[in-house]
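The structure appears below as structure tokens.
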Amino acid sequence: MKILVCISNVPDTTTKITFTNDNTQFNTSGVQFIVNPYDEIALSKAIELCEGGKGTVTVINVGESTTDPTIRKALAIGADDAVRINAEPRDAYFTAYQIAEYAKTTDFDMILCGRESIDYNGSQVAAMVGEFLDIPSISIIKKLDFDGTTATIEREIEGGKEVVSVTGKFIASCAEGTAVPTIPNMRGIMSARSKPLQVVEAKEIAQISKVTKFETPAPRGAVKLIPAESAAQLIELLHTEAKVI
Amino acid sequence: MSVLVYVEQVDGKFKKSVFEAVAYAKAIADTQGSNLTAISIGNVGESELKELGKYGASKVLNVANDQLKNFVNQAYASVIAEAAKKEGADIVVLSNSFSGKGLAPRVAVKLEAGLVEGAVELPKIDGALFSVKKNAFSGKAFAITALTSAIKVIALNPNAFGVKESAVDAAIENFAPEVKATDLAAIVKEIVRATDKISLPDAELVVSAGRGLKGPENWGMIEELAGLLGAATACSKPVSDADWRPHSEHVGQTGIAISPNLYIAIGISGAIQHLAGVSSSKVIVVINKDPEAPFFKVADYGIVGDAFEVVPQLIEALKAHKG
Ligand SMILES: Cc1cc2nc3c(=O)[nH]c(=O)nc-3n(C[C@H](O)[C@H](O)[C@H](O)COP(=O)(O)OP(=O)(O)OC[C@H]3O[C@@H](n4cnc5c(N)ncnc54)[C@H](O)[C@@H]3O)c2cc1C
Ligand SMILES: Nc1ncnc2c1ncn2[C@@H]1O[C@H](COP(=O)(O)O)[C@@H](O)[C@H]1O
């Protein structure tokens with residue numbers, strides 16, 4: 001069995017988000033980059049499914065050489081090898097196209113992604129790869145069992161869950177619950193350096209979306225404090241002032 | 001020019017977020033001087049389809065095919081793309097629901113369309129320029145995204161636009177595109193849905209609690225407060241990690257992002273990863289016994305006090321308020 005896991009390189013969750021160049025660019029100065037937290041879940045699931053020599057896990061990243069430390073982190077967690085498609089991930093369409101083109105050149109059983117990357121929160125790449133490859137895509141899953149031929153997958157829906165079964169190649173985007181993120185151990189970290197990281201060139205495709213500007217949410221006014229003894233006032237304020245109840 | 005909106009049905013009914021998407025699509029169609037067509041897939045009755053007219057859909061394509069009874073994104077995407085071609089639609093609108101997130105990207109690829117997922121405003125259309133504001137960095141920022149493709153797909157965040165009525169008569173037209181067997185490779189085995197609860201992503205009001213509640217046995221008062229308000233319940237990550245509450249209630253950076261009209265946070269410190277998922281709520285109320293809790297910095301209303309004393313008072317006040 002061969003599992004491909006797509007990982008994106010994103011700012012650490014505690015990053016204070018600021019912009020430069022007249023709010024047209026994300027300010028990366030001093031920012032720590034990490035494996036997208038959902039992709040860690042996807043990777044951990046893939047490693048779990050391949051445990052005991054049942055298969056191999058290849059991580060794929062569309063990125064420039066600056067993302068290599070993040071790829072090494074994924075190798076330290078336990079991926080067997082890595083592929084970096086050498087290009088700036090311009091938008092989800094571009095990224096998904098590159099991943100799909102690479103997937104066409106290799107044999108695989110499933111592709112796992114994260115539910116969304118925490119920078120642009122697109123939730124787009126997985127389903128787009130599915131469409132480019134014309135295979136089923138299951139988005140926002142929280143459970144995945146695979147018996148070697150058929151995958152039984154639980155995906156999140158409003159107020160509940162749906163159970164889907166797929167036989168044959170598929171792609172899924174993983175949310176919390178799918179697996180417990182694996183923490184790299186010393187052996188993993190040591191061996192990550194010598195695991196293969198293949199760099200392939202990107203294919204040309206027209207760019208159809210572009211972030212032209214960033215905005216930050218308007219700051220809220222000062223908090224209005226209500227004394228604990230007269231908490232009941234809150235209900236009145238929510239009704240008459242905030243008009244939300 | 002024409003606008004197509006996909007209307008997701010649940011058990012033959014449309015939810016509020018669907019009417020919101022229709023109203024949003026209608027507002028776009030109005031700026032373009034064009035009509036709005038809706039496409040419904042699955043078994044929806046005529047009177048429910050007619051409801052779509054209330055929000056501005058003058059035509060409804062009704063795809064009532066038993067094979068498409070259950071949502072399979074691959075097949076639904078094919079149908080929506082077919083409809084877009086048939087109608088000559090250059091803007092396709094969906095709601096950014098769980099299903100919408102799996103569907104919109106496939107529709108976009110089929111139509112070679114740029115996609116904005118998580119739109120929070122109407123697009124700005126100025127000649128050839130077409131841009132949409134969306135959430136980014138888990139609610140810490142917005143990204144204005146320009147689309148340059150001929151066709152554009154927009155997935156609207158629930159509760160970002162509001163439901164607006166503009167009544168027209170909806171003409172219902174049956175639409176029966178062919179369904180490829182390969183599009184139905186994923187098989188829906190089971191659907192489990194709690195029908196007695198308000199689902200969190202759609203909720204206008206949310207009552208959320210954190211580790212300050214001490215244990216799962218203390219959620220009774222949270223549920224009672226939520227029940228009186230008609231609110232959904234949510235929680236912080238450590239609470240769902242400890243299995244005090246289900247994962248589906250976990251909000252924040254690694255949980256779900258919500259933007260209700262009212263978010264009441266009880267015994268939650270306000271860590272940056274928690275705020276990431278809730279900071280776009282319209283009104284935030286924080287109840288915490290620690291006056292230094294970071295959550296107060298982003299709150300509109302705050303009560304510094306013990307949740308076990310404050311919440312019962314709120315419950316009493318609400319009962320009195322409701323008379
Ligand atoms: C990669 C990453 C992702 C994360 N993603 C998320 C996420 O998506 N969502 C999320 O929520 N967290 C997330 N976290 C965790 C986050 O950093 C915080 O640890 C978490 O939000 C804290 O939860 P809490 O506020 O319930 O608990 P605590 O931080 O323990 O806060 C409890 C609060 O309750 C108050 N309190 C105690 N007793 C009472 C009482 N009797 N009455 C009133 N108030 C009381 C305390 O003053 C305190 O402020 C993430 C962390 C990481 C590293
Ligand atoms: N540049 C990238 N390289 C590889 N995989 C990516 C990249 N960007 C996104 N992904 C994958 O697609 C998922 C969804 O990302 P997004 O559509 O950007 O929210 C992520 O969790 C990753 O698994």
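Convention: chains lettered A, B, ... in structure tokens order; per-chain residue numbering from 1; ligands numbered from 1 as shown.
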
Distance filter 7 Å, only C-alpha atoms, chain A against chain B, as a PyMOL selection string: chain A and resi 13-14+17+118-124+127-128+131+136+138-139+156-166+208-217+220-228+231-232+235+244

Give me the chain A side of the contact with ligand 1, cut-off 10 Å, one line per residue showing its nearest atom pair and distance in Å at one decimal, counting only C-alpha atoms and all ligand atoms, sorted by chain and residue number, as a Markdown table.
| residue | atom | partner | partner_atom_place_in_ligand_line | distance |
| --- | --- | --- | --- | --- |
| A:Asp12 | CA | ligand 1 | 1 (C) | 7.5 |
| A:Thr13 | CA | ligand 1 | 1 (C) | 5.6 |
| A:Thr14 | CA | ligand 1 | 53 (C) | 7.7 |
| A:Ile34 | CA | ligand 1 | 1 (C) | 9.7 |
| A:Asn36 | CA | ligand 1 | 1 (C) | 8.9 |
| A:Pro37 | CA | ligand 1 | 1 (C) | 6.3 |
| A:Tyr38 | CA | ligand 1 | 1 (C) | 9.4 |
| A:Glu176 | CA | ligand 1 | 8 (O) | 9.7 |

Could those selected residues go to a file with N, CA, C and O atoms, as a PDB file, in the first residue's frame?
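Written out: again_25.pdb:
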ATOM      1  N   ASP A  12       2.972  29.214  12.670  1.00  0.00           N
ATOM      2  CA  ASP A  12       2.614  28.643  13.960  1.00  0.00           C
ATOM      3  C   ASP A  12       1.316  29.281  14.476  1.00  0.00           C
ATOM      4  O   ASP A  12       1.063  30.456  14.236  1.00  0.00           O
ATOM      5  N   THR A  13       0.533  28.475  15.189  1.00  0.00           N
ATOM      6  CA  THR A  13      -0.793  28.963  15.619  1.00  0.00           C
ATOM      7  C   THR A  13      -0.759  30.188  16.527  1.00  0.00           C
ATOM      8  O   THR A  13      -1.755  30.883  16.652  1.00  0.00           O
ATOM      9  N   THR A  14       0.370  30.432  17.177  1.00  0.00           N
ATOM     10  CA  THR A  14       0.411  31.583  18.092  1.00  0.00           C
ATOM     11  C   THR A  14       0.876  32.868  17.388  1.00  0.00           C
ATOM     12  O   THR A  14       0.987  33.920  18.017  1.00  0.00           O
ATOM     13  N   ILE A  34       5.346  25.846  10.608  1.00  0.00           N
ATOM     14  CA  ILE A  34       5.121  24.472  11.090  1.00  0.00           C
ATOM     15  C   ILE A  34       4.383  23.639  10.034  1.00  0.00           C
ATOM     16  O   ILE A  34       3.882  24.180   9.059  1.00  0.00           O
ATOM     17  N   ASN A  36       1.173  22.171   8.892  1.00  0.00           N
ATOM     18  CA  ASN A  36      -0.222  22.505   9.168  1.00  0.00           C
ATOM     19  C   ASN A  36      -0.815  21.472  10.145  1.00  0.00           C
ATOM     20  O   ASN A  36      -0.706  20.271   9.898  1.00  0.00           O
ATOM     21  N   PRO A  37      -1.392  21.921  11.289  1.00  0.00           N
ATOM     22  CA  PRO A  37      -1.832  20.963  12.317  1.00  0.00           C
ATOM     23  C   PRO A  37      -2.734  19.834  11.797  1.00  0.00           C
ATOM     24  O   PRO A  37      -2.610  18.699  12.232  1.00  0.00           O
ATOM     25  N   TYR A  38      -3.630  20.131  10.848  1.00  0.00           N
ATOM     26  CA  TYR A  38      -4.506  19.074  10.319  1.00  0.00           C
ATOM     27  C   TYR A  38      -3.727  18.066   9.477  1.00  0.00           C
ATOM     28  O   TYR A  38      -4.112  16.907   9.364  1.00  0.00           O
ATOM     29  N   GLU A 176      -9.832  16.767  13.198  1.00  0.00           N
ATOM     30  CA  GLU A 176      -9.587  16.169  14.510  1.00  0.00           C
ATOM     31  C   GLU A 176     -10.366  14.881  14.663  1.00  0.00           C
ATOM     32  O   GLU A 176     -11.484  14.768  14.182  1.00  0.00           O
TER      33      GLU A 176
END

DSSP-assigned strand (DSSP E) members of stretch 2-31 of chain A, reported as a PyMOL selection string: chain A and resi 2-6+9-11+19-20+25-26

Any chance you can output those residues with all heavy atoms as a compact mmCIF listing (two decimals), in the first residue's frame?
# COMPACT_ATOMS: atom_id res chain seq x y z
N LYS A 2 0.42 2.26 -0.74
CA LYS A 2 1.16 3.52 -0.73
C LYS A 2 0.19 4.66 -0.46
O LYS A 2 -0.85 4.79 -1.10
CB LYS A 2 1.85 3.71 -2.08
CG LYS A 2 2.61 5.02 -2.17
CD LYS A 2 3.69 4.97 -3.22
CE LYS A 2 4.28 6.35 -3.42
NZ LYS A 2 5.51 6.31 -4.18
N ILE A 3 0.54 5.47 0.53
CA ILE A 3 -0.32 6.61 0.88
C ILE A 3 0.46 7.91 0.63
O ILE A 3 1.61 8.04 1.05
CB ILE A 3 -0.77 6.54 2.36
CG1 ILE A 3 -1.48 5.20 2.64
CG2 ILE A 3 -1.68 7.71 2.70
CD1 ILE A 3 -1.98 5.03 4.06
N LEU A 4 -0.18 8.83 -0.06
CA LEU A 4 0.41 10.15 -0.25
C LEU A 4 -0.24 11.10 0.77
O LEU A 4 -1.45 11.09 0.93
CB LEU A 4 0.16 10.68 -1.67
CG LEU A 4 0.52 9.77 -2.85
CD1 LEU A 4 0.20 10.47 -4.17
CD2 LEU A 4 2.01 9.41 -2.81
N VAL A 5 0.58 11.89 1.44
CA VAL A 5 0.02 12.85 2.40
C VAL A 5 0.48 14.25 1.98
O VAL A 5 1.67 14.49 1.79
CB VAL A 5 0.51 12.56 3.84
CG1 VAL A 5 -0.01 13.61 4.80
CG2 VAL A 5 0.09 11.17 4.28
N CYS A 6 -0.49 15.15 1.79
CA CYS A 6 -0.15 16.51 1.36
C CYS A 6 0.04 17.38 2.58
O CYS A 6 -0.84 17.46 3.44
CB CYS A 6 -1.28 17.10 0.52
SG CYS A 6 -1.69 16.05 -0.88
N ASN A 9 2.88 24.27 4.62
CA ASN A 9 3.81 24.93 5.52
C ASN A 9 3.11 26.21 5.97
O ASN A 9 2.81 27.08 5.15
CB ASN A 9 5.05 25.24 4.65
CG ASN A 9 6.13 25.98 5.35
OD1 ASN A 9 6.58 25.57 6.41
ND2 ASN A 9 6.57 27.09 4.75
N VAL A 10 2.78 26.30 7.25
CA VAL A 10 1.96 27.44 7.70
C VAL A 10 2.56 28.10 8.94
O VAL A 10 3.34 27.48 9.66
CB VAL A 10 0.51 26.98 8.05
CG1 VAL A 10 -0.20 26.43 6.82
CG2 VAL A 10 0.53 25.95 9.17
N PRO A 11 2.19 29.36 9.20
CA PRO A 11 2.68 30.01 10.41
C PRO A 11 2.15 29.31 11.67
O PRO A 11 1.00 28.87 11.69
CB PRO A 11 2.16 31.44 10.32
CG PRO A 11 1.24 31.49 9.17
CD PRO A 11 1.38 30.25 8.37
N PHE A 19 0.89 42.45 8.30
CA PHE A 19 1.10 42.52 6.85
C PHE A 19 2.06 43.64 6.50
O PHE A 19 2.23 44.59 7.28
CB PHE A 19 -0.24 42.70 6.14
CG PHE A 19 -1.20 41.60 6.48
CD1 PHE A 19 -2.21 41.79 7.42
CD2 PHE A 19 -1.06 40.34 5.92
CE1 PHE A 19 -3.07 40.76 7.78
CE2 PHE A 19 -1.91 39.30 6.26
CZ PHE A 19 -2.92 39.51 7.20
N THR A 20 2.70 43.53 5.34
CA THR A 20 3.63 44.57 4.88
C THR A 20 3.21 45.01 3.48
O THR A 20 2.22 44.51 2.93
CB THR A 20 5.07 44.03 4.81
OG1 THR A 20 5.07 42.90 3.96
CG2 THR A 20 5.60 43.66 6.18
N GLN A 25 1.05 41.92 1.60
CA GLN A 25 1.83 40.70 1.86
C GLN A 25 1.83 40.34 3.32
O GLN A 25 1.90 41.21 4.19
CB GLN A 25 3.28 40.92 1.41
CG GLN A 25 3.53 40.33 0.06
CD GLN A 25 4.87 40.77 -0.50
OE1 GLN A 25 5.51 41.68 0.03
NE2 GLN A 25 5.26 40.14 -1.57
N PHE A 26 1.78 39.04 3.58
CA PHE A 26 1.87 38.54 4.95
C PHE A 26 3.31 38.75 5.43
O PHE A 26 4.26 38.43 4.73
CB PHE A 26 1.48 37.06 4.97
CG PHE A 26 1.74 36.41 6.30
CD1 PHE A 26 1.20 36.93 7.47
CD2 PHE A 26 2.53 35.27 6.37
CE1 PHE A 26 1.44 36.34 8.69
CE2 PHE A 26 2.78 34.66 7.59
CZ PHE A 26 2.24 35.20 8.75

Residues of stretch 131-219 of chain A in alpha helix (DSSP H), written as an MDAnalysis selection string: chainID A and resid 131:133 186:192

Prev. selection, N, CA and C atoms, output as an mmCIF file, in the first residue's frame:
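The result, written out as out-v4.cif:
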data_model
loop_
_atom_site.group_PDB
_atom_site.id
_atom_site.type_symbol
_atom_site.label_atom_id
_atom_site.label_comp_id
_atom_site.auth_asym_id
_atom_site.auth_seq_id
_atom_site.Cartn_x
_atom_site.Cartn_y
_atom_site.Cartn_z
ATOM 1 N N GLU A 131 -10.983 16.106 -8.043
ATOM 2 C CA GLU A 131 -11.601 16.421 -9.333
ATOM 3 C C GLU A 131 -10.586 16.310 -10.468
ATOM 4 N N PHE A 132 -9.389 16.824 -10.260
ATOM 5 C CA PHE A 132 -8.363 16.715 -11.308
ATOM 6 C C PHE A 132 -8.061 15.251 -11.631
ATOM 7 N N LEU A 133 -8.133 14.389 -10.602
ATOM 8 C CA LEU A 133 -7.829 12.971 -10.815
ATOM 9 C C LEU A 133 -9.085 12.157 -11.125
ATOM 10 N N MET A 186 13.405 10.735 19.045
ATOM 11 C CA MET A 186 14.801 11.026 18.723
ATOM 12 C C MET A 186 15.239 10.273 17.459
ATOM 13 N N ARG A 187 14.822 8.988 17.383
ATOM 14 C CA ARG A 187 15.223 8.172 16.242
ATOM 15 C C ARG A 187 14.648 8.757 14.943
ATOM 16 N N GLY A 188 13.402 9.194 15.044
ATOM 17 C CA GLY A 188 12.743 9.808 13.895
ATOM 18 C C GLY A 188 13.492 11.056 13.443
ATOM 19 N N ILE A 189 13.853 11.868 14.409
ATOM 20 C CA ILE A 189 14.533 13.126 14.084
ATOM 21 C C ILE A 189 15.889 12.843 13.426
ATOM 22 N N MET A 190 16.603 11.841 13.967
ATOM 23 C CA MET A 190 17.910 11.496 13.402
ATOM 24 C C MET A 190 17.760 10.954 11.981
ATOM 25 N N SER A 191 16.795 10.051 11.794
ATOM 26 C CA SER A 191 16.681 9.405 10.485
ATOM 27 C C SER A 191 16.085 10.337 9.422
ATOM 28 N N ALA A 192 15.372 11.381 9.870
ATOM 29 C CA ALA A 192 14.738 12.299 8.917
ATOM 30 C C ALA A 192 15.754 12.910 7.963
#

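Between atom 22 (C, counted along the ligand's line) of ligand 2 and atom CA of A:Thr70 the separation is 12.6 Å.
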
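Near ligand 2, at distances of 6 Å or less and with only C-alpha atoms and all ligand atoms counted, sit the residues A:Cys6, A:Ile7, A:Ser8, A:Tyr38, A:Asp39, A:Ile60, A:Asn61, A:Val62, A:Gly63, A:Pro89, A:Ala92, A:Thr95, A:Cys113, A:Gly114, A:Arg115, A:Glu116, A:Ser117, A:Asn121, A:Gly122, A:Ser123, A:Gln124, A:Val125, A:Ala126.
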
How about saving the chosen residues, N, CA and C atoms kept, as a CSV table (one decimal), in the first residue's frame?
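The new file part33.csv reads:
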chain,number,residue,atom,x,y,z
A,6,CYS,N,-0.5,15.1,1.8
A,6,CYS,CA,-0.1,16.5,1.4
A,6,CYS,C,0.0,17.4,2.6
A,7,ILE,N,1.2,18.0,2.7
A,7,ILE,CA,1.4,18.9,3.8
A,7,ILE,C,1.7,20.3,3.4
A,8,SER,N,1.1,21.3,4.1
A,8,SER,CA,1.4,22.6,3.8
A,8,SER,C,2.1,23.2,5.0
A,38,TYR,N,-3.6,20.1,10.8
A,38,TYR,CA,-4.5,19.1,10.3
A,38,TYR,C,-3.7,18.1,9.5
A,39,ASP,N,-2.6,18.6,8.9
A,39,ASP,CA,-1.8,17.7,8.0
A,39,ASP,C,-1.1,16.7,8.9
A,60,ILE,N,3.9,15.1,0.3
A,60,ILE,CA,4.1,15.9,-0.8
A,60,ILE,C,3.9,17.4,-0.4
A,61,ASN,N,4.7,18.2,-0.8
A,61,ASN,CA,4.5,19.7,-0.5
A,61,ASN,C,4.8,20.4,-1.8
A,62,VAL,N,3.9,21.4,-2.1
A,62,VAL,CA,4.2,22.3,-3.1
A,62,VAL,C,4.7,23.6,-2.5
A,63,GLY,N,6.0,23.8,-2.7
A,63,GLY,CA,6.6,24.9,-2.0
A,63,GLY,C,8.0,25.2,-2.6
A,89,PRO,N,3.2,28.1,-3.8
A,89,PRO,CA,1.8,27.7,-4.0
A,89,PRO,C,0.9,28.9,-4.2
A,92,ALA,N,-5.0,27.6,-4.4
A,92,ALA,CA,-5.4,26.2,-4.3
A,92,ALA,C,-5.5,25.5,-5.6
A,95,THR,N,-2.0,24.7,-6.7
A,95,THR,CA,-1.4,23.7,-5.8
A,95,THR,C,-2.0,22.3,-6.1
A,113,CYS,N,-5.1,14.6,3.1
A,113,CYS,CA,-4.8,16.0,3.3
A,113,CYS,C,-5.4,16.4,4.7
A,114,GLY,N,-5.1,17.7,5.0
A,114,GLY,CA,-5.8,18.3,6.2
A,114,GLY,C,-7.1,18.9,5.8
A,115,ARG,N,-7.9,19.2,6.7
A,115,ARG,CA,-9.2,19.7,6.3
A,115,ARG,C,-9.1,21.1,5.8
A,116,GLU,N,-8.1,21.9,6.2
A,116,GLU,CA,-7.8,23.2,5.7
A,116,GLU,C,-6.5,23.6,6.1
A,117,SER,N,-5.8,24.5,5.4
A,117,SER,CA,-4.6,25.1,5.9
A,117,SER,C,-4.9,26.3,6.7
A,121,ASN,N,-7.2,29.2,5.0
A,121,ASN,CA,-8.4,28.5,5.3
A,121,ASN,C,-9.3,28.2,4.1
A,122,GLY,N,-8.6,27.7,3.1
A,122,GLY,CA,-9.4,27.4,1.9
A,122,GLY,C,-10.3,26.2,1.9
A,123,SER,N,-9.8,25.1,2.5
A,123,SER,CA,-10.5,23.8,2.4
A,123,SER,C,-10.8,23.5,0.9
A,124,GLN,N,-9.8,23.8,0.1
A,124,GLN,CA,-10.1,23.6,-1.4
A,124,GLN,C,-9.2,22.5,-2.0
A,125,VAL,N,-8.0,22.4,-1.5
A,125,VAL,CA,-7.0,21.6,-2.2
A,125,VAL,C,-7.5,20.1,-2.4
A,126,ALA,N,-7.9,19.5,-1.3
A,126,ALA,CA,-8.3,18.1,-1.4
A,126,ALA,C,-9.3,17.8,-2.4

Polymer residues at most 10 Å from B:Ile39, only C-alpha atoms, same-chain spacing of 5 or more positions, as a PDB file with C-alpha atoms, in the first residue's frame:
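Listed below is the output, part-v7.pdb:
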ATOM      1  CA  LEU B   4     -26.689  30.113 -10.226  1.00  0.00           C
ATOM      2  CA  VAL B   5     -27.111  29.182  -6.566  1.00  0.00           C
ATOM      3  CA  TYR B   6     -26.960  25.637  -5.255  1.00  0.00           C
ATOM      4  CA  VAL B   7     -29.541  25.000  -2.540  1.00  0.00           C
ATOM      5  CA  GLU B   8     -28.539  22.185  -0.224  1.00  0.00           C
ATOM      6  CA  LEU B  49     -38.963  24.708  -3.810  1.00  0.00           C
ATOM      7  CA  ALA B  57     -34.849  32.849  -7.170  1.00  0.00           C
ATOM      8  CA  LYS B  59     -36.206  29.836 -11.588  1.00  0.00           C
ATOM      9  CA  VAL B  60     -35.523  26.583  -9.787  1.00  0.00           C
ATOM     10  CA  LEU B  61     -33.921  23.615 -11.512  1.00  0.00           C
ATOM     11  CA  ASN B  62     -35.203  20.565  -9.729  1.00  0.00           C
ATOM     12  CA  VAL B  63     -33.042  17.464 -10.013  1.00  0.00           C
ATOM     13  CA  VAL B  79     -24.848  18.173 -12.016  1.00  0.00           C
ATOM     14  CA  ILE B  80     -24.152  21.711 -10.817  1.00  0.00           C
ATOM     15  CA  ALA B  83     -26.603  23.375 -14.849  1.00  0.00           C
ATOM     16  CA  ALA B  84     -24.133  26.261 -14.906  1.00  0.00           C
ATOM     17  CA  ILE B 172     -39.885  25.187 -11.237  1.00  0.00           C
ATOM     18  CA  GLU B 173     -38.248  23.276 -14.053  1.00  0.00           C
ATOM     19  CA  ASN B 174     -37.242  19.638 -13.952  1.00  0.00           C
ATOM     20  CA  PHE B 175     -33.663  19.026 -14.880  1.00  0.00           C
TER      21      PHE B 175
END

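Of the residues under consideration (B:Ser166, B:Asn35, B:Ser17, B:Asn65), B:Asn65 shows the shortest atom-to-atom contact distance to B:Val179 when counting only C-alpha atoms.
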
Polymer residues at most 10 Å from A:Gln198, only C-alpha atoms, same-chain spacing of 5 or more positions, as a PyMOL selection string: chain A and resi 60+81-86

B:Ala265 surroundings by only C-alpha atoms, 9 Å radius, close-in-sequence under 2 positions cut, as number ranges by chain: B: 206-210, 234-235, 263, 267-270, 284-288, 295

Serialized selection, all heavy atoms, as a short mmCIF file (atom, residue, chain, number, x, y, z; two decimals), in the first residue's frame:
data_model
loop_
_atom_site.label_atom_id
_atom_site.label_comp_id
_atom_site.auth_asym_id
_atom_site.auth_seq_id
_atom_site.Cartn_x
_atom_site.Cartn_y
_atom_site.Cartn_z
N VAL B 206 -24.68 31.24 20.45
CA VAL B 206 -23.89 30.12 20.92
C VAL B 206 -23.47 30.33 22.37
O VAL B 206 -23.01 31.41 22.74
CB VAL B 206 -22.62 29.93 20.04
CG1 VAL B 206 -21.71 28.84 20.62
CG2 VAL B 206 -23.00 29.59 18.60
N VAL B 207 -23.69 29.32 23.20
CA VAL B 207 -23.21 29.34 24.58
C VAL B 207 -22.07 28.33 24.67
O VAL B 207 -22.24 27.16 24.34
CB VAL B 207 -24.32 28.96 25.57
CG1 VAL B 207 -23.77 28.93 27.00
CG2 VAL B 207 -25.49 29.93 25.49
N SER B 208 -20.90 28.80 25.09
CA SER B 208 -19.71 27.96 25.06
C SER B 208 -19.07 27.94 26.44
O SER B 208 -19.10 28.93 27.15
CB SER B 208 -18.75 28.55 24.03
OG SER B 208 -17.63 27.74 23.85
N ALA B 209 -18.50 26.80 26.80
CA ALA B 209 -17.86 26.74 28.11
C ALA B 209 -16.53 26.01 28.02
O ALA B 209 -16.29 25.22 27.11
CB ALA B 209 -18.79 26.06 29.11
N GLY B 210 -15.67 26.32 28.99
CA GLY B 210 -14.31 25.78 28.98
C GLY B 210 -13.96 25.05 30.25
O GLY B 210 -14.84 24.64 31.03
N ALA B 234 -21.16 25.04 22.61
CA ALA B 234 -19.82 24.84 22.07
C ALA B 234 -18.87 24.68 23.26
O ALA B 234 -19.27 24.82 24.41
CB ALA B 234 -19.41 26.03 21.22
N CYS B 235 -17.62 24.37 22.97
CA CYS B 235 -16.64 24.23 24.06
C CYS B 235 -15.23 24.52 23.56
O CYS B 235 -14.99 24.63 22.37
CB CYS B 235 -16.72 22.83 24.65
SG CYS B 235 -16.13 21.53 23.56
N TYR B 263 -21.91 35.23 21.03
CA TYR B 263 -21.09 34.14 21.55
C TYR B 263 -20.87 34.39 23.04
O TYR B 263 -20.31 35.42 23.41
CB TYR B 263 -19.75 34.09 20.81
CG TYR B 263 -18.84 32.95 21.23
CD1 TYR B 263 -19.14 31.63 20.85
CD2 TYR B 263 -17.72 33.15 22.02
CE1 TYR B 263 -18.33 30.57 21.23
CE2 TYR B 263 -16.91 32.10 22.41
CZ TYR B 263 -17.21 30.81 22.02
OH TYR B 263 -16.41 29.75 22.40
N GLY B 267 -16.00 30.51 31.50
CA GLY B 267 -14.86 29.74 32.00
C GLY B 267 -13.89 29.33 30.91
O GLY B 267 -13.35 28.24 30.93
N ILE B 268 -13.71 30.23 29.94
CA ILE B 268 -12.74 30.00 28.86
C ILE B 268 -11.73 31.16 28.94
O ILE B 268 -12.13 32.32 29.02
CB ILE B 268 -13.41 29.99 27.47
CG1 ILE B 268 -14.51 28.92 27.41
CG2 ILE B 268 -12.39 29.78 26.36
CD1 ILE B 268 -15.30 28.89 26.10
N SER B 269 -10.43 30.82 28.91
CA SER B 269 -9.44 31.87 29.13
C SER B 269 -9.29 32.83 27.96
O SER B 269 -8.97 33.99 28.13
CB SER B 269 -8.09 31.24 29.47
OG SER B 269 -7.69 30.35 28.45
N GLY B 270 -9.52 32.31 26.73
CA GLY B 270 -9.37 33.19 25.57
C GLY B 270 -8.00 33.07 24.94
O GLY B 270 -7.41 34.06 24.49
N ILE B 284 -19.70 39.49 21.69
CA ILE B 284 -19.04 38.49 22.54
C ILE B 284 -19.25 38.83 24.02
O ILE B 284 -19.02 39.97 24.44
CB ILE B 284 -17.53 38.40 22.23
CG1 ILE B 284 -17.31 37.87 20.80
CG2 ILE B 284 -16.80 37.50 23.24
CD1 ILE B 284 -15.86 37.74 20.37
N VAL B 285 -19.72 37.86 24.77
CA VAL B 285 -19.89 38.01 26.21
C VAL B 285 -18.92 37.05 26.90
O VAL B 285 -18.85 35.88 26.52
CB VAL B 285 -21.34 37.66 26.64
CG1 VAL B 285 -21.47 37.66 28.17
CG2 VAL B 285 -22.34 38.62 26.00
N VAL B 286 -18.19 37.55 27.88
CA VAL B 286 -17.23 36.69 28.58
C VAL B 286 -17.57 36.65 30.07
O VAL B 286 -17.76 37.70 30.70
CB VAL B 286 -15.79 37.20 28.37
CG1 VAL B 286 -14.81 36.48 29.27
CG2 VAL B 286 -15.39 37.02 26.91
N ILE B 287 -17.65 35.44 30.59
CA ILE B 287 -17.87 35.26 32.01
C ILE B 287 -16.68 34.47 32.55
O ILE B 287 -16.45 33.32 32.14
CB ILE B 287 -19.20 34.51 32.28
CG1 ILE B 287 -20.36 35.33 31.71
CG2 ILE B 287 -19.39 34.23 33.78
CD1 ILE B 287 -21.67 34.56 31.59
N ASN B 288 -15.89 35.09 33.41
CA ASN B 288 -14.66 34.44 33.88
C ASN B 288 -14.34 35.02 35.24
O ASN B 288 -14.51 36.21 35.48
CB ASN B 288 -13.52 34.74 32.89
CG ASN B 288 -12.34 33.80 33.09
OD1 ASN B 288 -11.79 33.72 34.19
ND2 ASN B 288 -11.96 33.10 32.04
N PHE B 295 -9.54 36.86 27.36
CA PHE B 295 -10.80 36.93 26.61
C PHE B 295 -11.50 38.28 26.78
O PHE B 295 -12.16 38.78 25.87
CB PHE B 295 -11.75 35.80 27.04
CG PHE B 295 -12.47 35.15 25.90
CD1 PHE B 295 -12.73 33.77 25.91
CD2 PHE B 295 -12.91 35.89 24.79
CE1 PHE B 295 -13.39 33.16 24.85
CE2 PHE B 295 -13.57 35.27 23.73
CZ PHE B 295 -13.81 33.90 23.77
#

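Atom CA of A:Thr58 lies 19.0 Å from atom CA of A:Ala151.
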
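Between atom CA of B:Val22 and atom CA of A:Ser173 the interatomic distance comes to 27.6 Å.
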